[in-house]
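Undergrad: Pasting in a structure now, in structure tokens, and then I'll have a few things to ask.
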Amino acid sequence: MNDAAQQSHGTEDGDDGSMSRRSVLWTTAAGVAGAGLGLGGLGSTASAATPLGSDSAAGAQAQTATPKRQGATMVGVPFEGRSTVRVGLVGLGNRGGSMIDLYLAVPGVQVVAVCDPVKEKAQQAAAKVTAAGQPAPAVYTNGEDDYENLCKRGDIDFVYVATPWDFHFEMAKTAMLHGKHVGVECPIALQLDQLWELVDLSERTRRHCMQLENCCYGRNEMRVLRMAHAGLFGDLLHGAGAYNHDLRGLMFDPDYYEGPWRRLWHTRLRGDLYPNHGFGPVANYMNLNRGDRAVSITSVGSPSLGLAEYRKKHMPAGDPSWKETYIESDRTISLVQTAKGRVIRLEHDVSTPHPYSRINSLGGTKGLFEDYPARIYIEPDHTNDTWGDFGKYADWDHWLWKEHANPPGGHGGMDYMLVFRLMQCMRLGLVPDFDVYDAATWTSPVPLSHLSIKAKGAPQQIPDFTRGKWKNARPGMDSEKPAKA
């Protein structure tokens with residue numbers, strides 16, 4: 001393990017970052033078997049942590065209890081309009097180091113400060129800012145807690161967090177407590193009590209706390225969203241999403257996930273470690289938290305064999321990875337039930353050989369769409385059980401994709417769309433496309449799938465983070481083009 005001064009704040013899909021002292025605490029508290037990861041009593045209203053997998057009545061009650069609201073709802077709350085959005089970036093590994101390019105590419109955005117314990121990464125980011133013609137940003141590199149000083153600044157409107165998962169909760173919390181809106185890479189937190197605390201803090205501080213789910217802004221996803229809301233699939237019945245991505249080589253690469261923080265999560269939890277890419281888009285199709293909500297989740301998991309087999313073939317004797325015991329299911333499959341009775345299937349598999357797929361499927365009474373590859377079958381357009389050409393439905397593209405047909409950045413342009421739209425909402429004083437309630441809902445399968453697998457597939461209740469506001473229809477990702485640019 002590197003010294004703290006050398007630990008980089010990297011993140012998720014291809015972002016480097018090493019294990020922090022928080023990670024050590026997780027390993028100590030949760031144990032290598034992951035048995036002690038606590039629900040923590042759902043926010044500040046309970047006094048004792050409930051271990052994951054607890055069969056006690058108290059454990060069941062802690063899962064379903066809804067803490068008393070501490071502030072007004074953030075449903076429908078707009079940003080304060082401003083001519084320039086001043087941004088601070090925390091975590092400049094693979095993900096953050098590339099996303100800074102997109103913040104610099106969006107008009108009306110100024111990068112005021114950057115933070116990473118690895119000085120070289122922070123300096124590289126600062127050089128990008130000045131190369132873009134902006135004033136030199138403040139640079140924070142004094143250890144893994146220097147992000148707190150960035151958050152204390154009075155000239156930052158929005159904090160972007162792209163660090164290893166262990167940091168996400170505390171960084172989001174710190175940003176809001178210092179009056180900043182905050183956007184976090186996936187997952188936004190890893191325990192139910194943390195999710196509730198972020199909801200409560202967002203309501204108390206009146207700051208938005210968002211899960212920056214880029215897949216919601218994919219071209220196919222946004223086209224299906226508009227088609228679904230226009231009724232082309234009829235009454236919606238089922239959907240599916242996944243993160244099936246072979247990461248074995250990257251997780252054993254010491255230069256990719258420093259530490260290596262991501263692989264070590266496979267020694268702690270059995271459930272779906274990364275549900276957001278699949279869950280977010282389908283939740284938008286079905287208007288979850290906007291007329292429907294996720295009620296329960298049932299999960300099963302395969303044996304954990306893939307990482308150990310890969311290690312046996314590729315890692316030399318004496319490598320630190322040989323001390324690790326992997327418990328994360330190679331393939332996790334979850335079924336989410338909604339209040340309207342719809343079913344959402346979620347999958348997670350990063351430990352076995354397979355082509356990349358997020359599944360991205362939606363079905364209703366008039367037909368269905370399935371991705372990877374994209375294909376469609378809806379009545380009356382298609383007959384004889386023959387898939388149709390999804391490309392013929394390009395007229396249904398979201399206005400964002402019609403305006404930005406060839407966006408810069410990675411992941412097919414969805415990263416730029418996310419940054420552009422978020423910054424646009426902040427500049428124009430609009431309601432964000434998704435909020436803290438979506439962040440908590442989309443991330444809740446992380447702890448709950450672990451619970452369900454430990455309980456041999458027993459359903460786990462998904463909290464109503466909106467505290468009843470889900471019953472009211474309201475706008476979301478299917479936004480109208482604003483009158484002003």
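Each chain in the structure tokens gets a letter, A, B, ..., in the order shown, and its residues are numbered from 1; ligands are numbered from 1 in order too.
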With segment 93-97 of chain A as the partner and 10 Å as the cut-off, tabulate the residues of segment 156-195 of chain A that qualify, each row holding the nearest pair of atoms and their distance in Å to one decimal, using only C-alpha atoms, sorted by chain and rising number, as JSON lines.

TA:
{"residue": "A:Tyr160", "atom": "CA", "partner": "A:Gly96", "partner_atom": "CA", "distance": 8.5}
{"residue": "A:Val161", "atom": "CA", "partner": "A:Gly96", "partner_atom": "CA", "distance": 7.9}
{"residue": "A:Ala162", "atom": "CA", "partner": "A:Gly96", "partner_atom": "CA", "distance": 5.3}
{"residue": "A:Thr163", "atom": "CA", "partner": "A:Gly93", "partner_atom": "CA", "distance": 7.7}
{"residue": "A:Pro164", "atom": "CA", "partner": "A:Gly93", "partner_atom": "CA", "distance": 9.6}
{"residue": "A:Glu185", "atom": "CA", "partner": "A:Arg95", "partner_atom": "CA", "distance": 9.1}

Undergrad: Write out as number ranges by chain the residues lying within 6 Å of Val111 of chain A, counting only C-alpha atoms and excluding same-chain residues fewer than 2 positions away.

TA: A: 86-87, 113

Undergrad: Take the residues just selected and output them with C-alpha atoms as an mmCIF file, in the first residue's frame.

TA:
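As written to disk, again_22.cif reads:
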data_model
loop_
_atom_site.group_PDB
_atom_site.id
_atom_site.type_symbol
_atom_site.label_atom_id
_atom_site.label_comp_id
_atom_site.auth_asym_id
_atom_site.auth_seq_id
_atom_site.Cartn_x
_atom_site.Cartn_y
_atom_site.Cartn_z
ATOM 1 C CA ARG A 86 -17.627 27.786 -10.702
ATOM 2 C CA VAL A 87 -16.483 24.187 -10.311
ATOM 3 C CA ALA A 113 -9.954 24.441 -7.957
#

Undergrad: Where does segment 369-469 of chain A meet segment 277-286 of chain A within 9 Å, residue by residue, with the nearest atom pair and distance in Å to one decimal for each, counting only C-alpha atoms, listed by chain and rising number, as a Markdown table?

TA:
| residue | atom | partner | partner_atom | distance |
| --- | --- | --- | --- | --- |
| A:Asp438 | CA | A:Gly280 | CA | 8.1 |
| A:Ala439 | CA | A:Gly280 | CA | 8.8 |
| A:Thr441 | CA | A:Gly280 | CA | 8.9 |
| A:Trp442 | CA | A:Phe279 | CA | 6.0 |
| A:Thr443 | CA | A:Phe279 | CA | 8.6 |

Undergrad: Check the smallest atom-to-atom distance from each of A:Leu192, A:Leu236, A:Val343, A:Met171 to Cys209 of chain A using only C-alpha atoms, then report the winner.

TA: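 Selected residue with least distance to Cys209 of chain A: A:Met171.
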
Undergrad: Nearest to Gln124 of chain A: which of A:Met222, A:Pro187, A:Tyr140, A:Leu92 is it, counting only C-alpha atoms?

TA: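 Between A:Met222, A:Pro187, A:Tyr140, A:Leu92, the residue approaching Gln124 of chain A most closely is A:Leu92.
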
Undergrad: Would you mind listing what lies within 9 Å of segment 101-103 of chain A as a PyMOL selection string, with only C-alpha atoms counted and same-chain residues fewer than 3 positions away left out?

TA: chain A and resi 87+97-98+106-107+109-111+125+128-129+408-409+415-416+419-420+423

Undergrad: Using only C-alpha atoms, pick whichever of A:Thr141, A:Ser321, A:Thr174, A:Thr84 has the shortest atom-to-atom distance to Lys119 of chain A.

TA: A:Thr141

Undergrad: So that I can see what lies close to segment 370-387 of chain A, please list as a PDB file with N, CA, C and O atoms, in the first residue's frame the residues with an atom at most 8 Å from it, counting only C-alpha atoms and leaving out residues fewer than 2 positions away in the same chain.

TA:
ATOM      1  N   LEU A 232     -45.145   4.582 -27.209  1.00  0.00           N
ATOM      2  CA  LEU A 232     -44.898   3.655 -28.312  1.00  0.00           C
ATOM      3  C   LEU A 232     -44.751   2.215 -27.845  1.00  0.00           C
ATOM      4  O   LEU A 232     -44.965   1.284 -28.641  1.00  0.00           O
ATOM      5  N   PHE A 233     -44.371   2.005 -26.590  1.00  0.00           N
ATOM      6  CA  PHE A 233     -44.259   0.638 -26.063  1.00  0.00           C
ATOM      7  C   PHE A 233     -45.521   0.211 -25.321  1.00  0.00           C
ATOM      8  O   PHE A 233     -45.560  -0.876 -24.748  1.00  0.00           O
ATOM      9  N   SER A 357     -21.835  -5.399 -21.985  1.00  0.00           N
ATOM     10  CA  SER A 357     -23.270  -5.213 -22.172  1.00  0.00           C
ATOM     11  C   SER A 357     -23.881  -4.538 -20.957  1.00  0.00           C
ATOM     12  O   SER A 357     -23.566  -4.892 -19.822  1.00  0.00           O
ATOM     13  N   ARG A 358     -24.746  -3.563 -21.217  1.00  0.00           N
ATOM     14  CA  ARG A 358     -25.598  -3.007 -20.167  1.00  0.00           C
ATOM     15  C   ARG A 358     -27.038  -3.494 -20.337  1.00  0.00           C
ATOM     16  O   ARG A 358     -27.944  -2.971 -19.680  1.00  0.00           O
ATOM     17  N   ILE A 359     -27.262  -4.414 -21.227  1.00  0.00           N
ATOM     18  CA  ILE A 359     -28.571  -5.007 -21.552  1.00  0.00           C
ATOM     19  C   ILE A 359     -29.538  -3.945 -22.075  1.00  0.00           C
ATOM     20  O   ILE A 359     -29.990  -3.995 -23.194  1.00  0.00           O
ATOM     21  N   ASN A 360     -29.929  -2.993 -21.236  1.00  0.00           N
ATOM     22  CA  ASN A 360     -30.770  -1.861 -21.633  1.00  0.00           C
ATOM     23  C   ASN A 360     -31.993  -2.316 -22.415  1.00  0.00           C
ATOM     24  O   ASN A 360     -32.101  -2.114 -23.629  1.00  0.00           O
ATOM     25  N   SER A 361     -32.923  -2.923 -21.712  1.00  0.00           N
ATOM     26  CA  SER A 361     -34.121  -3.473 -22.334  1.00  0.00           C
ATOM     27  C   SER A 361     -35.367  -2.862 -21.700  1.00  0.00           C
ATOM     28  O   SER A 361     -35.377  -2.528 -20.513  1.00  0.00           O
ATOM     29  N   LEU A 362     -36.387  -2.690 -22.522  1.00  0.00           N
ATOM     30  CA  LEU A 362     -37.671  -2.179 -22.034  1.00  0.00           C
ATOM     31  C   LEU A 362     -38.790  -2.845 -22.810  1.00  0.00           C
ATOM     32  O   LEU A 362     -38.746  -2.910 -24.044  1.00  0.00           O
ATOM     33  N   LYS A 366     -47.135  -3.097 -26.155  1.00  0.00           N
ATOM     34  CA  LYS A 366     -47.060  -2.944 -27.605  1.00  0.00           C
ATOM     35  C   LYS A 366     -45.741  -3.444 -28.196  1.00  0.00           C
ATOM     36  O   LYS A 366     -45.564  -3.394 -29.416  1.00  0.00           O
ATOM     37  N   GLY A 367     -44.817  -3.889 -27.349  1.00  0.00           N
ATOM     38  CA  GLY A 367     -43.562  -4.387 -27.882  1.00  0.00           C
ATOM     39  C   GLY A 367     -42.397  -4.073 -26.978  1.00  0.00           C
ATOM     40  O   GLY A 367     -42.570  -3.724 -25.800  1.00  0.00           O
ATOM     41  N   LEU A 368     -41.173  -4.193 -27.544  1.00  0.00           N
ATOM     42  CA  LEU A 368     -40.001  -4.018 -26.682  1.00  0.00           C
ATOM     43  C   LEU A 368     -38.800  -3.543 -27.473  1.00  0.00           C
ATOM     44  O   LEU A 368     -38.741  -3.629 -28.708  1.00  0.00           O
ATOM     45  N   ASP A 389     -35.340  -2.299 -37.298  1.00  0.00           N
ATOM     46  CA  ASP A 389     -34.150  -1.461 -37.277  1.00  0.00           C
ATOM     47  C   ASP A 389     -34.382  -0.269 -36.362  1.00  0.00           C
ATOM     48  O   ASP A 389     -35.183   0.621 -36.676  1.00  0.00           O
ATOM     49  N   PHE A 390     -33.669  -0.220 -35.241  1.00  0.00           N
ATOM     50  CA  PHE A 390     -33.833   0.882 -34.289  1.00  0.00           C
ATOM     51  C   PHE A 390     -33.373   2.205 -34.893  1.00  0.00           C
ATOM     52  O   PHE A 390     -33.839   3.275 -34.487  1.00  0.00           O
TER      53      PHE A 390
END

Undergrad: Assign secondary structure with DSSP using the backbone only, and return the residues of segment 186-280 of chain A in helix (DSSP H, G or I) as a count of residues only.

TA: 45

Undergrad: Can you check which parts of segment 196-265 of chain A lie within 12 Å of segment 451-475 of chain A? Per residue, the shortest pair of atoms and distance in Å to one decimal, counting only C-alpha atoms, sorted by chain and number, as a Markdown table.

TA:
| residue | atom | partner | partner_atom | distance |
| --- | --- | --- | --- | --- |
| A:Trp196 | CA | A:Phe465 | CA | 7.2 |
| A:Glu197 | CA | A:Phe465 | CA | 10.5 |
| A:Leu198 | CA | A:Phe465 | CA | 10.3 |
| A:Val199 | CA | A:Phe465 | CA | 7.3 |
| A:Asp200 | CA | A:Phe465 | CA | 9.5 |
| A:Ser202 | CA | A:Phe465 | CA | 11.8 |
| A:Glu203 | CA | A:Thr466 | CA | 10.7 |
| A:His229 | CA | A:Pro475 | CA | 11.1 |

Undergrad: Keeping only N, CA, C and O atoms, write the selected residues as a PDB file, in the first residue's frame.

TA:
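What follows is the written file again13.pdb:
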ATOM      1  N   TRP A 196     -29.525   7.612   3.416  1.00  0.00           N
ATOM      2  CA  TRP A 196     -30.488   8.446   4.142  1.00  0.00           C
ATOM      3  C   TRP A 196     -29.847   9.749   4.620  1.00  0.00           C
ATOM      4  O   TRP A 196     -30.463  10.815   4.581  1.00  0.00           O
ATOM      5  N   GLU A 197     -28.609   9.673   5.051  1.00  0.00           N
ATOM      6  CA  GLU A 197     -27.960  10.887   5.534  1.00  0.00           C
ATOM      7  C   GLU A 197     -27.756  11.889   4.402  1.00  0.00           C
ATOM      8  O   GLU A 197     -27.907  13.103   4.597  1.00  0.00           O
ATOM      9  N   LEU A 198     -27.435  11.410   3.215  1.00  0.00           N
ATOM     10  CA  LEU A 198     -27.301  12.317   2.083  1.00  0.00           C
ATOM     11  C   LEU A 198     -28.638  12.945   1.711  1.00  0.00           C
ATOM     12  O   LEU A 198     -28.707  14.131   1.372  1.00  0.00           O
ATOM     13  N   VAL A 199     -29.708  12.158   1.774  1.00  0.00           N
ATOM     14  CA  VAL A 199     -31.043  12.707   1.525  1.00  0.00           C
ATOM     15  C   VAL A 199     -31.359  13.804   2.543  1.00  0.00           C
ATOM     16  O   VAL A 199     -31.795  14.912   2.188  1.00  0.00           O
ATOM     17  N   ASP A 200     -31.125  13.503   3.811  1.00  0.00           N
ATOM     18  CA  ASP A 200     -31.428  14.479   4.864  1.00  0.00           C
ATOM     19  C   ASP A 200     -30.578  15.739   4.717  1.00  0.00           C
ATOM     20  O   ASP A 200     -31.072  16.867   4.898  1.00  0.00           O
ATOM     21  N   SER A 202     -29.216  16.954   1.968  1.00  0.00           N
ATOM     22  CA  SER A 202     -29.662  17.720   0.812  1.00  0.00           C
ATOM     23  C   SER A 202     -30.877  18.569   1.173  1.00  0.00           C
ATOM     24  O   SER A 202     -30.957  19.751   0.812  1.00  0.00           O
ATOM     25  N   GLU A 203     -31.799  17.975   1.927  1.00  0.00           N
ATOM     26  CA  GLU A 203     -32.996  18.708   2.315  1.00  0.00           C
ATOM     27  C   GLU A 203     -32.687  19.822   3.314  1.00  0.00           C
ATOM     28  O   GLU A 203     -33.253  20.916   3.238  1.00  0.00           O
ATOM     29  N   HIS A 229     -42.182   7.393 -23.120  1.00  0.00           N
ATOM     30  CA  HIS A 229     -43.083   8.391 -22.546  1.00  0.00           C
ATOM     31  C   HIS A 229     -44.140   8.846 -23.543  1.00  0.00           C
ATOM     32  O   HIS A 229     -45.173   9.391 -23.142  1.00  0.00           O
TER      33      HIS A 229
END

Undergrad: Where does segment 123-183 of chain A meet segment 426-432 of chain A within 10 Å, residue by residue, with the nearest atom pair and distance in Å to one decimal for each, counting only C-alpha atoms, listed by chain and rising number, as a Markdown table?

TA:
| residue | atom | partner | partner_atom | distance |
| --- | --- | --- | --- | --- |
| A:Asp157 | CA | A:Met426 | CA | 9.0 |
| A:Phe158 | CA | A:Met426 | CA | 9.1 |
| A:His181 | CA | A:Met426 | CA | 9.7 |
